[in-house]
Each structure stands twice: as C-alpha cells, then as structure tokens.
Amino acid sequence: MATTEEKATSLLLRKAAPAANSLQDWSVSTADPSDDRIHRTGASVLIHPVDSLPQPSTNPTSSKGLAVMLRVQSHHPLDPLTTAEISVAVATVRAAGATPEVRDSMRFIEVVLFEPEKHVVALADAYFFPPFQPSLLPRTKGGPIIPSKLPPRQARLVVYNKKSNETSIWIVELSEVHAVTRGGHHRGKAISSTVVPDVQPPMDAVEYAECEAVIKDFPPFRKAMKRRGIDDMDLVMVDPWCVGYHSEADAPNRRLAKPLIFCRTESDCPMENGYARPVEGIYILVDIQNMTVIEFEDRKLVQLPPADPLRNYTAGETRGGVDRSDVKPIQIIQPEGPSFRIDGHFVQWQKWNFRIGFTPREGLVIYSVAYVDGSRGRRPVAHRLSFVEMVVPYGDPNDPHYRKNAFDAGEDGLGKNAHSLKKGCDCLGYIKCFDAHFTNFTGGVETIENCVCLHEEDHGMLWKHQDWRTGLAEVRRSRRLTVSFICTVANYEYGFYWHFYQDGKIEAEIKLTGILSLGALQPGEVRKYGTTIAPGLYAPVHQHFFVARMDMAVDCKPSEAHNQVVEVNLKVEEPGNNNVHNNAFYAEEKLLKSELEAMRDCDPLSARHWIIRNTRTVNRTGNLTGYKLVPGSNCLPLAGTEAKFLRRAAFLKHNLWVTPYVRDEMYPGGEFPNQNPRVGEGLATWVKQNRSLEETDIVLWYVFGVTHIPRLEDWPVMPVEHIGFTLMPHGFFNCSPAVDVPPTLCDSDVKDNEVVTKPIQPGLLAKL
C-alpha cells in the first residue's frame with residue numbers, strides 16, 4: 001500500500017557505513033551474533049543519548065565511482081511494504097535457492113511486512129514519525145533520550161515449492177540505500193528460513209485459472225458437458241474450491257481442489273450471470289501441484305436449469321428491461337475540503353489518529369488507534385484492529401454442498417481479492433484512496449490502485465435537546481470517518497468498514513452482497529435445506545462468520561500491560577425488601593480472570609457486553625477507564641458437534657475469546673487452515689494454557705455471524721446485508737466527548753425552495 005504523500009522526517013541517520021558494506025549482494029547469511037539489531041531486543045539498545053543530532057556526511061564514501069549514503073528514515077515500521085521492498089524480498093529468497101531447479105519451483109504466496117515489536121513502534125512514534133510523542137517511551141535517568149535510527153524493516157514471506165510440495169516461511173531484512181547518481185534502491189539479507197511440515201498454503205488466482213483450463217480440456221469432462229447439451233467450453237465456469245478436510249483423503253500431502261461447475265447462457269449481456277446455471281452430478285478432484293485431474297466421475301445426469309429471465313443485473317438487463325428514471329443525483333460537497341489530514345499512512349480526524357495498513361490475507365489493518373483528549377493528551381485505545389478470518393458453512397447435506405465451508409481469508413485471502421474502488425460509486429464525497437501492493441504467484445509485484453477508501457460521512461443527529469419552557473434547542477449533526485475496502489471471493493462480495501465517530505465510538509461493519517451459490521433441482525424436486533429461487537434453481541441455507549482480532553491498549557503505552565476484561569449482565573432484582581415494586585434491575589460485573597473463563601457467548605436477554613478496562617487509570621468518579629464491546633446481531637454454528645468443518649473452525653463455538661498478547665498468535669484457526677488435519681488448531685488450543693487475564697496486554701477475538709435463509713429478493717444479486725459490532729467508551733471520558741462539536745447553521749426552514757424564517761415561540765407562553 002502506498003500514498004503520494006509520504007515525507008521524510010527531519011531526523012537524520014548517522015553517518016553511512018562504507019559503500020562496500022552497504023551494497024551487499026542478495027545472498028543468504030546467518031545473523032552475526034554481534035549484530036545488536038537482531039539479538040538485543042530492549043528499547044534501550046535502539047536509542048542513544050547524544051548532545052545533538054548527527055549531520056549528514058558531505059563527503060560520502062564511494063565504491064567503484066558510485067557515491068552512496070544511508071537515507072533519512074522514510075518508512076514507518078508499520079507502513080505496508082513498498083513495491084521496491086517486495087521485489088527485494090523476493091529476489092533475496094530466490095537467490096537463496098540451492099539450485100536453478102529450486103529457484104524455478106518457488107511460488108510466492110505472501111510477502112508482507114514482518115511487524116516489529118511494540119517498543120520499536122513506540123520509538124518511531126516518539127521521535128521519527130507522527131504523532132511525535134516522546135512520552136510513549138519509558139523515562140530514563142539522566143534526561144531525555146534521542147534516537148539515532150530505527151532498526152531495518154523486515155519482510156515475511158510464505159513460499160510454496162511447486163516441485164517438492166513444501167511450504168516455507170522466510171524473514172528478510174531490508175536495508176534501504178540511497179545512490180546519489182541513480183535514485184534509491186534496496187538490498188536484502190535472509191535472517192531465517194523454516195520449512196513448515198504438513199500444511200498447504202492459500203490458493204492463488206493463477207492456480208485457479210490453470211485449474212479451469214485443465215478441466216475444460218479434460219476429454220471426460222467435455223463428454224459429460226455434451227450430455228448436458230453444452231459443446232462450447234467458453235460458456236463453462238469453473239470455481240476451484242479448496243477441499244477442506246473431511247477425511248485422510250484430504251491430507252495436505254497433496255494440494256487439492258474440488259471445483260464447482262457453472263455454465264453461462266448464450267446472450268449479448270456483458271456480464272452474463274453464469275451462477276444461474278449450476279452444473280451438478282459431476283465429481284472432479286484436481287491435483288493443483290501437478291495440475292492434473294486425478295479423479296473424475298459423471299455420477300448423475302442433472303439437466304441444466306432453464307435460462308431464468310430474471311438472472312442478469314446489468315443496466316438495461318434487469319426485470320422488465322427498463323431501469324428506474326426518477327432517481328435524482330445526490331452530491332456530497334465539502335467546499336473547504338475534508339476535516340481529515342493525511343501524512344503517509346498516518347490519519348488525523350476529529351481528535352482521532354491512527355495508521356492504515358494492508359495485508360493480502362486480512363486486507364485493511366488499523367494500527368495505533370488513539371484519541372486526543374484535551375489536557376490528558378493522546379490516549380491509546382487499540383494497537384491493532386483487523387478481520388483475520390471468515391468461514392462460510394452451508395447447511396445442505398447433499399453433494400456438493402456439504403463440503404462448501406470456505407475459509408475465505410485463510411484459503412484465499414481477503415486483501416488479495418480486493419477491488420480497485422471507484423469514486424462516486426464505491427465511495428462518495430471527498431475521497432482519499434490508498435493503493436495496495438502484492439506479490440503475484442511467480443514473484444512479480446502487482447498493484448491494486450485505490451484499494452482502500454477514506455472519507456467523511458454525515459451520520460444524522462449526534463445529539464439534541466430542546467427546553468420546552470423556552471423553546472430553545474441545541475442540536476448537533478453527527479459525522480463519521482470511514483475507512484473501507486471491498487473484496488470478491490468467487491460469487492460473494494464483502495465490504496469491510498471501520499467507522500470512527502465524534503463521540504468516541506468505533507464501529508466495525510461488514511456489508512454482504514453478491515450472488516447466491518445455487519444448486520440445481522430435478523423437475524418437481526423440492527429441498528428443505530434451501531429456498532427455490534427460480535424453476536430448477538435453489539439456494540442452500542448457509543452462515544457467514546467473521547473474526548475480528550483486536551489487540552487492545554486502553555490507556556496503555558506500548559511498554560504497559562494494564563488491561564483486563566469484565567463481563568456485564570443485566571439482572572432483575574429478586575422480589576423482597578430491595579424490590580417492593582418489582583421493577584428493579586441492575587448491572588452485574590464479573591472479571592474474566594483466565595482464558596478458559598473468557599470463552600463467552602452473546603446473550604441479548606441480559607444485554608451482555610464486555611468492558612476492557614485499564615487497571616491503573618481512573619476517571620473523575622474514581623472508577624477505572626474503559627471501552628466496551630457491544631455486540632450486534634449474532635449467531636452460533638447451526639451444526640452438530642461432530643461437523644467436519646468445526647475440526648478446523650473450533651473458534652466458531654464461542655462469540656468471544658480473550659488471550660494475552662503473543663506475537664505469533666495471529667489467526668484463530670492457525671496460519672494454514674487449507675486442508676488442515678489438526679483438530680482445534682489456533683484459538684481452541686492456545687486457551688488451554690489458561691493464562692491469566694487479570695492485568696495483561698489483552699487481545700479480543702470477537703466472532704460474529706449471520707444466518708442466511710435466502711429469499712427471492714436476494715436474486716439475482718443480493719441487496720446489502722449489514723453485520724458488525726461497536727467499541728464504545730465506558731468511563732473513558734469524564735463527560736460526553738461530543739459536547740464540544742460546534743453547531744451547524746440551521747436558523748431557517750426551507751420549504752418548496754423558499755427560505756422561511758420562523759420566530760421562536762416560548763413553549764411555556766404558548767401553553768399558557
């Protein structure tokens with residue numbers, strides 16, 4: 001991800017090492033035991049007391065006639081990797097291959113920033129980048145400390161060897177060098193390489209395309225399609241779904257896919273809806289490693305559904321063939337520009353500030369969320385917010401639907417499937433967009449332009465009160481800052497949004513749309529596990545589950561671990577002396593002391609919610625400051641305890657999990673859920689340690705879902721369905737943080753394009 005608004009800080013790095021050392025080759029070497037940057041992790045080794053900042057060298061050392069010097073620090077430790085950094089990381093790993101055959105077999109699943117420890121982020125935010133807050137670092141004796149430079153950025157690579165079927169994880173150190181005569185460039189050094197046994201990494205779009213081509217060219221498949229009246233393979237759509245794990249036959253010693261087949265109808269529509277004609281009765285198993293069909297069976301002749309006249313959704317192709325003509329334009333105008341400010345990936349808006357990141361797996365990541373609270377200064381709320389997994393299990397026991405339980409983040413990647421957003425359509429108003437950079441399967445760099453959208457939205461009324469005695473009223477309009485991206489995973493679209501509000505709330509929202517995954521029906525057939533959408537077409541019932549990982553930091557600096565989680569349930573007071581009128585109820589709190597205690601479910605009947613509190617900071621009433629997690633609509637898996645998909649998705653069994661922060665605990669089903677044979681890997685295994693949560697660095701894992709019983713109104717493309725939750729201040733502020741929002745001009749009423757001024761009539765006088 002990149003913006004055009006990056007700028008270097010005024011802090012200069014120390015004098016460069018000789019060029020012969022700076023311009024090292026792309027070669028793998030073990031870390032030097034004397035290298036403090038790798039082996040010494042304390043914040044104190046990264047900062048040095050000095051009298052003044054070093055000045056840049058006026059006579060840089062040269063090598064072979066080329067003058068070089070180290071650059072001023074130009075990338076924050078949490079900034080996504082640049083295209084140059086991705087290229088260098090790939091080249092470094094490829095150069096480490098022992099033979100040309102090994103190098104040619106490398107396929108690059110993911111190249112991402114290897115996020116640094118929190119004390120490195122604190123160092124950067126204190127002296128090198130906004131918010132320039134030295135108080136983030138622990139105080140030391142002898143006066144202030146001035147940093148010289150940050151440690152080098154690192155890349156983390158997931159590499160699949162197509163020949164050996166092995167998956168490895170690499171860490172590459174990235175050294176940024178500035179060549180005076182020919183611009184900037186980078187060099188990399190491999191720090192570590194580890195082969196991960198018994199796993200399969202996510203599938204790639206290149207593999208999907210190759211799989212489709214192989215199947216279309218497979219003679220038995222062409223014969224089976226001809227039985228169904230299809231000779232033109234250009235009409236055929238192949239969606240290669242990962243096999244999941246149902247038995248030992250799905251073990252990760254092979255890289256497998258079981259595709260779903262669809263067939264478009266011949267038409268002039270530019271976006272003919274092929275999902276309207278599912279092809280059933282054909283069983284295919286593809287070896288993705290060798291790209292061969294290893295099992296094929298035409299089990300049952302199921303005729304293709306007839307062409308549905310309501311199947312298409314492009315302009316002029318909808319029902320009746322005529323679009324609405326009475327929709328008038330809406331324009332969002334900000335004549336003075338937006339209220340937000342952007343510095344690279346650092347965002348400031350209405351007392352909020354945070355950093356934007358992006359990964360191929362999670363998509364949008366929000367870092368270092370804080371609120372500037374008057375004399376109390378910049379107060380942290382969360383270190384890292386993201387959506388780390390989603391699972392879509394289907395409820396039809398018939399083939400092929402029983403094996404449809406996609407892990408869309410872990411098997412495919414939400415970020416890799418993101419869109420290039422269109423201003424005025426995907427986002428409206430004064431828009432700031434960020435690009436996203438990824439490696440492709442063969443190691444090249446690809447860019448999704450305008451991948452993340454940031455803009456302000458009017459959100460109705462923020463607060464209001466009218467004094468009925470005087471008729472005087474105060475009202476404020478609410479405004480929110482929205483950061484979002486949208487991705488397509490096969491037939492479905494998902495929009496992921498983080499909304500920041502003027503009253504201190506943070507809302508996470510997901511918008512579900514796209515096309516239903518359908519099945520074919522025999523004439524006269526009805527299935528109770530779905531909804532008949534059109535003749536010969538039905539949509540199976542299914543659920544969508546999402547997991548938000550929230551590394552909280554409520555009033556905590558990076559060096560502090562002073563958070564805990566309290567569950568709140570509303571209780572009705574028992575009849576008696578304390579409840580003589582039988583109307584009393586109260587909020588009962590319970591501290592979640594350990595991980596096993598913190599496996600919790602939503603309970604709307606008791607208005608259950610959870611508060612993340614700082615154990616050492618109080619508000620003006622003497623109570624601990626906190627933020628509460630307020631659930632939205634939610635559900636749990638509608639499946640038996642022995643359901644095959646729950647082997648890999650044990651984290652779906654509860655709506656809330658709480659763990660202490662551990663750097664490597666990132667994904668609730670483990671890093672590699674594709675064909676994962678291990679039961680309960682990830683959260684369900686981590687919490688068995690039953691670590692203490694009474695005062696620690698808290699990570700919340702909130703699991704939320706929607707049960708989708710398809711409607712006819714969901715066809716041919718589903719109107720957006722909303723799901724999410726809210727993080728709301730709870731005793732964090734001493735009063736409403738939105739009370740200082742200025743009023744907007746509302747002195748007159750507008751009626752029929754005429755401005756009519758109405759005098760205010762005192763309410764009490766009018767009553768008298």
# chains A, B, ... in the order shown; residues from 1 in each chain; ligands from 1
$ residues_around --residues "A:Lys590" --least-positions-apart "4" --cutoff "7 Å" --atoms "only C-alpha atoms" --output "PDB file with C-alpha atoms, in the first residue's frame"
ATOM      1  CA  VAL A 566     -15.113  -7.532  32.656  1.00  0.00           C
ATOM      2  CA  GLU A 567     -18.387  -9.149  31.572  1.00  0.00           C
ATOM      3  CA  VAL A 568     -21.578  -7.219  32.325  1.00  0.00           C
TER       4      VAL A 568
END
$ residues_around --residues "stretch 480-495 of chain A" --least-positions-apart "5" --cutoff "6 Å" --atoms "only C-alpha atoms" --output "PyMOL selection string"
chain A and resi 417-419+452-457+500-501+510-515
$ write_last_selection --atoms "N, CA and C atoms" --output "short mmCIF file (atom, residue, chain, number, x, y, z; two decimals), in the first residue's frame"
data_model
loop_
_atom_site.label_atom_id
_atom_site.label_comp_id
_atom_site.auth_asym_id
_atom_site.auth_seq_id
_atom_site.Cartn_x
_atom_site.Cartn_y
_atom_site.Cartn_z
N ASN A 417 -7.99 -10.34 -2.93
CA ASN A 417 -9.18 -10.31 -3.77
C ASN A 417 -9.89 -8.96 -3.70
N ALA A 418 -9.18 -7.93 -3.24
CA ALA A 418 -9.79 -6.61 -3.09
C ALA A 418 -9.99 -5.94 -4.45
N HIS A 419 -10.88 -4.96 -4.46
CA HIS A 419 -11.22 -4.22 -5.68
C HIS A 419 -10.42 -2.93 -5.78
N VAL A 452 -8.04 1.08 -0.82
CA VAL A 452 -8.65 1.48 0.45
C VAL A 452 -9.20 2.89 0.29
N CYS A 453 -10.42 3.08 0.78
CA CYS A 453 -11.10 4.37 0.67
C CYS A 453 -11.24 4.98 2.06
N LEU A 454 -10.93 6.26 2.18
CA LEU A 454 -11.11 7.00 3.42
C LEU A 454 -11.91 8.26 3.11
N HIS A 455 -13.00 8.46 3.82
CA HIS A 455 -13.81 9.65 3.58
C HIS A 455 -14.70 9.92 4.79
N GLU A 456 -15.26 11.13 4.83
CA GLU A 456 -16.20 11.52 5.88
C GLU A 456 -17.63 11.29 5.40
N GLU A 457 -18.51 10.98 6.36
CA GLU A 457 -19.92 10.80 6.06
C GLU A 457 -20.76 11.55 7.08
N PHE A 500 -15.21 5.73 12.58
CA PHE A 500 -14.79 6.47 13.78
C PHE A 500 -15.75 7.64 13.97
N TYR A 501 -16.25 7.78 15.21
CA TYR A 501 -17.29 8.77 15.50
C TYR A 501 -16.77 9.88 16.41
N ILE A 510 -19.59 -4.95 8.39
CA ILE A 510 -19.37 -5.71 7.18
C ILE A 510 -20.66 -5.69 6.37
N LYS A 511 -20.51 -5.41 5.08
CA LYS A 511 -21.65 -5.40 4.17
C LYS A 511 -21.53 -6.60 3.23
N LEU A 512 -22.54 -7.45 3.24
CA LEU A 512 -22.55 -8.65 2.42
C LEU A 512 -23.44 -8.44 1.21
N THR A 513 -22.91 -8.75 0.03
CA THR A 513 -23.69 -8.67 -1.19
C THR A 513 -23.12 -9.69 -2.18
N GLY A 514 -23.49 -9.60 -3.43
CA GLY A 514 -23.02 -10.55 -4.43
C GLY A 514 -24.11 -11.51 -4.86
N ILE A 515 -23.70 -12.68 -5.33
CA ILE A 515 -24.62 -13.65 -5.94
C ILE A 515 -24.66 -14.92 -5.10
#
$ residues_around --residues "stretch 428-436 of chain A" --least-positions-apart "4" --cutoff "8 Å" --atoms "only C-alpha atoms" --output "mmCIF file with N, CA and C atoms, in the first residue's frame"
data_model
loop_
_atom_site.group_PDB
_atom_site.id
_atom_site.type_symbol
_atom_site.label_atom_id
_atom_site.label_comp_id
_atom_site.auth_asym_id
_atom_site.auth_seq_id
_atom_site.Cartn_x
_atom_site.Cartn_y
_atom_site.Cartn_z
ATOM 1 N N MET A 1 0.851 -1.179 0.000
ATOM 2 C CA MET A 1 0.000 0.000 0.000
ATOM 3 C C MET A 1 0.887 1.228 0.000
ATOM 4 N N ALA A 2 0.480 2.238 -0.723
ATOM 5 C CA ALA A 2 1.302 3.437 -0.775
ATOM 6 C C ALA A 2 0.428 4.647 -1.019
ATOM 7 N N THR A 3 0.912 5.808 -0.630
ATOM 8 C CA THR A 3 0.270 7.060 -0.957
ATOM 9 C C THR A 3 1.311 7.947 -1.601
ATOM 10 N N GLN A 331 -25.227 14.940 -4.410
ATOM 11 C CA GLN A 331 -23.830 15.364 -4.407
ATOM 12 C C GLN A 331 -23.378 15.660 -2.985
ATOM 13 N N ILE A 332 -22.203 15.158 -2.642
ATOM 14 C CA ILE A 332 -21.583 15.442 -1.353
ATOM 15 C C ILE A 332 -20.486 16.470 -1.604
ATOM 16 N N ILE A 333 -20.657 17.655 -1.050
ATOM 17 C CA ILE A 333 -19.731 18.753 -1.325
ATOM 18 C C ILE A 333 -19.099 19.232 -0.025
ATOM 19 N N GLN A 334 -17.797 19.355 -0.030
ATOM 20 C CA GLN A 334 -17.064 19.943 1.094
ATOM 21 C C GLN A 334 -16.213 21.091 0.539
ATOM 22 N N GLY A 337 -12.818 21.556 1.798
ATOM 23 C CA GLY A 337 -12.015 20.347 1.886
ATOM 24 C C GLY A 337 -12.428 19.486 3.064
ATOM 25 N N PRO A 338 -11.785 18.347 3.235
ATOM 26 C CA PRO A 338 -12.157 17.435 4.315
ATOM 27 C C PRO A 338 -11.583 17.881 5.650
ATOM 28 N N PHE A 358 -2.265 -2.739 5.342
ATOM 29 C CA PHE A 358 -2.983 -3.647 4.455
ATOM 30 C C PHE A 358 -2.152 -4.908 4.283
ATOM 31 N N LYS A 423 -14.523 6.101 -7.347
ATOM 32 C CA LYS A 423 -15.060 7.268 -6.666
ATOM 33 C C LYS A 423 -16.432 7.609 -7.236
ATOM 34 N N GLY A 424 -17.337 7.940 -6.320
ATOM 35 C CA GLY A 424 -18.696 8.249 -6.726
ATOM 36 C C GLY A 424 -19.602 7.034 -6.747
ATOM 37 N N THR A 447 -0.156 -4.136 -8.278
ATOM 38 C CA THR A 447 -0.743 -3.041 -7.507
ATOM 39 C C THR A 447 -2.235 -2.968 -7.759
ATOM 40 N N ILE A 448 -3.000 -2.883 -6.679
ATOM 41 C CA ILE A 448 -4.432 -2.579 -6.769
ATOM 42 C C ILE A 448 -4.574 -1.094 -6.454
ATOM 43 N N GLU A 449 -4.862 -0.316 -7.459
ATOM 44 C CA GLU A 449 -5.000 1.126 -7.257
ATOM 45 C C GLU A 449 -6.318 1.425 -6.530
ATOM 46 N N ASN A 450 -6.262 2.462 -5.702
ATOM 47 C CA ASN A 450 -7.465 2.902 -4.969
ATOM 48 C C ASN A 450 -8.117 1.731 -4.228
ATOM 49 N N CYS A 451 -7.314 0.989 -3.522
ATOM 50 C CA CYS A 451 -7.790 -0.225 -2.857
ATOM 51 C C CYS A 451 -8.514 0.087 -1.550
ATOM 52 N N VAL A 452 -8.042 1.080 -0.820
ATOM 53 C CA VAL A 452 -8.650 1.482 0.453
ATOM 54 C C VAL A 452 -9.203 2.889 0.295
ATOM 55 N N CYS A 453 -10.419 3.076 0.780
ATOM 56 C CA CYS A 453 -11.095 4.369 0.670
ATOM 57 C C CYS A 453 -11.244 4.982 2.062
ATOM 58 N N LEU A 454 -10.932 6.257 2.176
ATOM 59 C CA LEU A 454 -11.109 7.002 3.420
ATOM 60 C C LEU A 454 -11.908 8.258 3.107
ATOM 61 N N HIS A 455 -13.003 8.465 3.820
ATOM 62 C CA HIS A 455 -13.809 9.650 3.585
ATOM 63 C C HIS A 455 -14.703 9.919 4.792
ATOM 64 N N GLU A 456 -15.263 11.129 4.828
ATOM 65 C CA GLU A 456 -16.205 11.519 5.878
ATOM 66 C C GLU A 456 -17.633 11.287 5.403
ATOM 67 N N GLU A 457 -18.505 10.979 6.356
ATOM 68 C CA GLU A 457 -19.918 10.800 6.056
ATOM 69 C C GLU A 457 -20.764 11.552 7.076
#
$ atom_distance --atom1 "atom CA of A:Ser633" --atom2 "atom CA of A:Val541"
17.9 Å
$ select_by_dssp --residues "stretch 150-303 of chain A" --states "strand (DSSP E)" --output "ChimeraX atom specification"
/A:153-161,166-179,183-196,236-242,256-263,278-279,282-287,292-298
$ closest_atom_pairs --of "stretch 357-407 of chain A" --to "stretch 253-276 of chain A" --cutoff "10 Å" --atoms "only C-alpha atoms" --output "tab-separated table"
residue	atom	partner	partner_atom	distance
A:Pro400	CA	A:Leu260	CA	7.9
A:His401	CA	A:Leu260	CA	9.6
A:Arg403	CA	A:Lys258	CA	9.2
A:Lys404	CA	A:Leu260	CA	9.7
$ write_last_selection --atoms "all heavy atoms" --output "short mmCIF file (atom, residue, chain, number, x, y, z; two decimals), in the first residue's frame"
data_model
loop_
_atom_site.label_atom_id
_atom_site.label_comp_id
_atom_site.auth_asym_id
_atom_site.auth_seq_id
_atom_site.Cartn_x
_atom_site.Cartn_y
_atom_site.Cartn_z
N PRO A 400 -22.92 -31.28 -3.99
CA PRO A 400 -21.59 -30.96 -3.43
C PRO A 400 -21.64 -29.97 -2.27
O PRO A 400 -20.61 -29.52 -1.80
CB PRO A 400 -20.90 -30.32 -4.63
CG PRO A 400 -22.00 -29.55 -5.29
CD PRO A 400 -23.24 -30.39 -5.13
N HIS A 401 -22.86 -29.65 -1.79
CA HIS A 401 -22.99 -28.51 -0.88
C HIS A 401 -22.47 -28.80 0.52
O HIS A 401 -22.07 -27.86 1.22
CB HIS A 401 -24.46 -28.08 -0.84
CG HIS A 401 -25.05 -27.85 -2.20
ND1 HIS A 401 -24.71 -26.77 -2.98
CD2 HIS A 401 -25.92 -28.59 -2.93
CE1 HIS A 401 -25.36 -26.83 -4.13
NE2 HIS A 401 -26.10 -27.94 -4.13
N ARG A 403 -19.75 -29.98 1.40
CA ARG A 403 -18.33 -29.67 1.55
C ARG A 403 -18.03 -28.19 1.28
O ARG A 403 -16.87 -27.79 1.21
CB ARG A 403 -17.49 -30.55 0.62
CG ARG A 403 -17.86 -30.47 -0.84
CD ARG A 403 -17.00 -31.44 -1.67
NE ARG A 403 -17.43 -31.55 -3.04
CZ ARG A 403 -17.07 -30.70 -4.00
NH1 ARG A 403 -16.28 -29.69 -3.71
NH2 ARG A 403 -17.50 -30.87 -5.23
N LYS A 404 -19.06 -27.39 1.15
CA LYS A 404 -18.85 -25.95 0.97
C LYS A 404 -18.72 -25.30 2.35
O LYS A 404 -19.72 -25.00 3.00
CB LYS A 404 -20.01 -25.34 0.16
CG LYS A 404 -20.01 -25.76 -1.30
CD LYS A 404 -21.35 -25.60 -1.97
CE LYS A 404 -21.82 -24.20 -2.10
NZ LYS A 404 -23.07 -24.10 -2.91
#
$ residues_around --residues "A:Asn165" --least-positions-apart "2" --cutoff "9 Å" --atoms "only C-alpha atoms" --output "ChimeraX atom specification"
/A:160-163,167,200,253-255,289
$ closest_residue --among "A:Val388, A:Ser193, A:Phe438, A:Gly576" --to "A:Gly97" --atoms "only C-alpha atoms"
A:Ser193
$ closest_residue --among "A:Lys118, A:His654, A:Arg222, A:Arg277" --to "A:Glu597" --atoms "only C-alpha atoms"
A:His654
$ atom_distance --atom1 "atom CA of A:His544" --atom2 "atom CA of A:Met390"
7.2 Å
$ residues_around --residues "stretch 645-649 of chain A" --least-positions-apart "2" --cutoff "6 Å" --atoms "only C-alpha atoms" --output "list in words"
Ala643, Phe651, Leu652, Gly669, Val679 and Gly680 of chain A
$ write_last_selection --atoms "N, CA, C and O atoms" --output "mmCIF file, in the first residue's frame"
data_model
loop_
_atom_site.group_PDB
_atom_site.id
_atom_site.type_symbol
_atom_site.label_atom_id
_atom_site.label_comp_id
_atom_site.auth_asym_id
_atom_site.auth_seq_id
_atom_site.Cartn_x
_atom_site.Cartn_y
_atom_site.Cartn_z
ATOM 1 N N ALA A 643 -19.477 -31.941 13.341
ATOM 2 C CA ALA A 643 -19.406 -31.414 11.971
ATOM 3 C C ALA A 643 -17.954 -31.288 11.538
ATOM 4 O O ALA A 643 -17.104 -30.810 12.290
ATOM 5 N N PHE A 651 -12.960 -22.305 16.713
ATOM 6 C CA PHE A 651 -13.132 -20.953 17.261
ATOM 7 C C PHE A 651 -14.549 -20.431 17.059
ATOM 8 O O PHE A 651 -14.945 -19.436 17.688
ATOM 9 N N LEU A 652 -15.340 -21.070 16.185
ATOM 10 C CA LEU A 652 -16.719 -20.628 15.981
ATOM 11 C C LEU A 652 -17.638 -21.029 17.122
ATOM 12 O O LEU A 652 -18.786 -20.579 17.185
ATOM 13 N N GLY A 669 -7.710 -19.982 13.422
ATOM 14 C CA GLY A 669 -7.663 -21.376 13.010
ATOM 15 C C GLY A 669 -6.275 -21.818 12.618
ATOM 16 O O GLY A 669 -6.124 -22.817 11.908
ATOM 17 N N VAL A 679 -6.960 -31.019 14.701
ATOM 18 C CA VAL A 679 -8.234 -30.628 15.317
ATOM 19 C C VAL A 679 -8.006 -29.449 16.259
ATOM 20 O O VAL A 679 -7.133 -29.488 17.125
ATOM 21 N N GLY A 680 -8.809 -28.388 16.064
ATOM 22 C CA GLY A 680 -8.791 -27.272 17.008
ATOM 23 C C GLY A 680 -7.524 -26.460 17.015
ATOM 24 O O GLY A 680 -7.207 -25.816 18.029
#
$ atom_distance --atom1 "atom CA of A:Arg600" --atom2 "atom CA of A:Tyr702"
9.7 Å
$ residues_around --residues "A:Val347" --least-positions-apart "3" --cutoff "10 Å" --atoms "only C-alpha atoms" --output "PDB file with N, CA, C and O atoms, in the first residue's frame"
ATOM      1  N   PRO A 130       4.900  11.087  12.999  1.00  0.00           N
ATOM      2  CA  PRO A 130       3.747  11.487  13.791  1.00  0.00           C
ATOM      3  C   PRO A 130       3.217  10.282  14.562  1.00  0.00           C
ATOM      4  O   PRO A 130       3.275   9.159  14.063  1.00  0.00           O
ATOM      5  N   PRO A 131       2.766  10.489  15.801  1.00  0.00           N
ATOM      6  CA  PRO A 131       2.406  11.761  16.440  1.00  0.00           C
ATOM      7  C   PRO A 131       3.548  12.467  17.167  1.00  0.00           C
ATOM      8  O   PRO A 131       3.288  13.422  17.897  1.00  0.00           O
ATOM      9  N   PHE A 340     -10.164  15.665   7.648  1.00  0.00           N
ATOM     10  CA  PHE A 340      -9.057  14.776   7.994  1.00  0.00           C
ATOM     11  C   PHE A 340      -7.746  15.294   7.393  1.00  0.00           C
ATOM     12  O   PHE A 340      -7.739  16.065   6.421  1.00  0.00           O
ATOM     13  N   ARG A 341      -6.648  14.845   7.987  1.00  0.00           N
ATOM     14  CA  ARG A 341      -5.308  15.139   7.485  1.00  0.00           C
ATOM     15  C   ARG A 341      -4.538  13.836   7.344  1.00  0.00           C
ATOM     16  O   ARG A 341      -4.623  12.953   8.189  1.00  0.00           O
ATOM     17  N   ILE A 342      -3.795  13.723   6.264  1.00  0.00           N
ATOM     18  CA  ILE A 342      -3.054  12.503   5.954  1.00  0.00           C
ATOM     19  C   ILE A 342      -1.570  12.834   5.851  1.00  0.00           C
ATOM     20  O   ILE A 342      -1.172  13.794   5.188  1.00  0.00           O
ATOM     21  N   ASP A 343      -0.750  12.032   6.522  1.00  0.00           N
ATOM     22  CA  ASP A 343       0.703  12.133   6.396  1.00  0.00           C
ATOM     23  C   ASP A 343       1.218  10.720   6.154  1.00  0.00           C
ATOM     24  O   ASP A 343       1.407   9.952   7.085  1.00  0.00           O
ATOM     25  N   GLY A 344       1.429  10.365   4.871  1.00  0.00           N
ATOM     26  CA  GLY A 344       1.782   8.994   4.548  1.00  0.00           C
ATOM     27  C   GLY A 344       0.610   8.083   4.834  1.00  0.00           C
ATOM     28  O   GLY A 344      -0.436   8.153   4.193  1.00  0.00           O
ATOM     29  N   TRP A 352      -9.257  11.882  16.669  1.00  0.00           N
ATOM     30  CA  TRP A 352      -8.771  10.535  16.433  1.00  0.00           C
ATOM     31  C   TRP A 352      -7.466  10.578  15.639  1.00  0.00           C
ATOM     32  O   TRP A 352      -7.275  11.448  14.781  1.00  0.00           O
ATOM     33  N   ASN A 353      -6.582   9.641  15.893  1.00  0.00           N
ATOM     34  CA  ASN A 353      -5.468   9.410  14.970  1.00  0.00           C
ATOM     35  C   ASN A 353      -5.104   7.934  14.974  1.00  0.00           C
ATOM     36  O   ASN A 353      -5.271   7.235  15.974  1.00  0.00           O
ATOM     37  N   PHE A 354      -4.651   7.457  13.833  1.00  0.00           N
ATOM     38  CA  PHE A 354      -4.315   6.049  13.662  1.00  0.00           C
ATOM     39  C   PHE A 354      -3.516   5.892  12.374  1.00  0.00           C
ATOM     40  O   PHE A 354      -3.350   6.845  11.602  1.00  0.00           O
ATOM     41  N   ARG A 355      -3.036   4.687  12.144  1.00  0.00           N
ATOM     42  CA  ARG A 355      -2.295   4.357  10.924  1.00  0.00           C
ATOM     43  C   ARG A 355      -3.058   3.302  10.124  1.00  0.00           C
ATOM     44  O   ARG A 355      -3.727   2.441  10.701  1.00  0.00           O
ATOM     45  N   ILE A 356      -2.908   3.384   8.812  1.00  0.00           N
ATOM     46  CA  ILE A 356      -3.567   2.447   7.913  1.00  0.00           C
ATOM     47  C   ILE A 356      -2.537   1.461   7.373  1.00  0.00           C
ATOM     48  O   ILE A 356      -1.456   1.853   6.930  1.00  0.00           O
ATOM     49  N   VAL A 369      -4.457   3.140  17.326  1.00  0.00           N
ATOM     50  CA  VAL A 369      -5.654   3.967  17.438  1.00  0.00           C
ATOM     51  C   VAL A 369      -5.594   4.733  18.761  1.00  0.00           C
ATOM     52  O   VAL A 369      -5.408   4.146  19.835  1.00  0.00           O
ATOM     53  N   LEU A 454     -10.932   6.257   2.176  1.00  0.00           N
ATOM     54  CA  LEU A 454     -11.109   7.002   3.420  1.00  0.00           C
ATOM     55  C   LEU A 454     -11.908   8.258   3.107  1.00  0.00           C
ATOM     56  O   LEU A 454     -11.544   9.024   2.209  1.00  0.00           O
TER      57      LEU A 454
END
$ closest_residue --among "A:Gly626, A:Pro716, A:Pro631, A:Gly460" --to "A:Glu509" --atoms "only C-alpha atoms"
A:Pro631
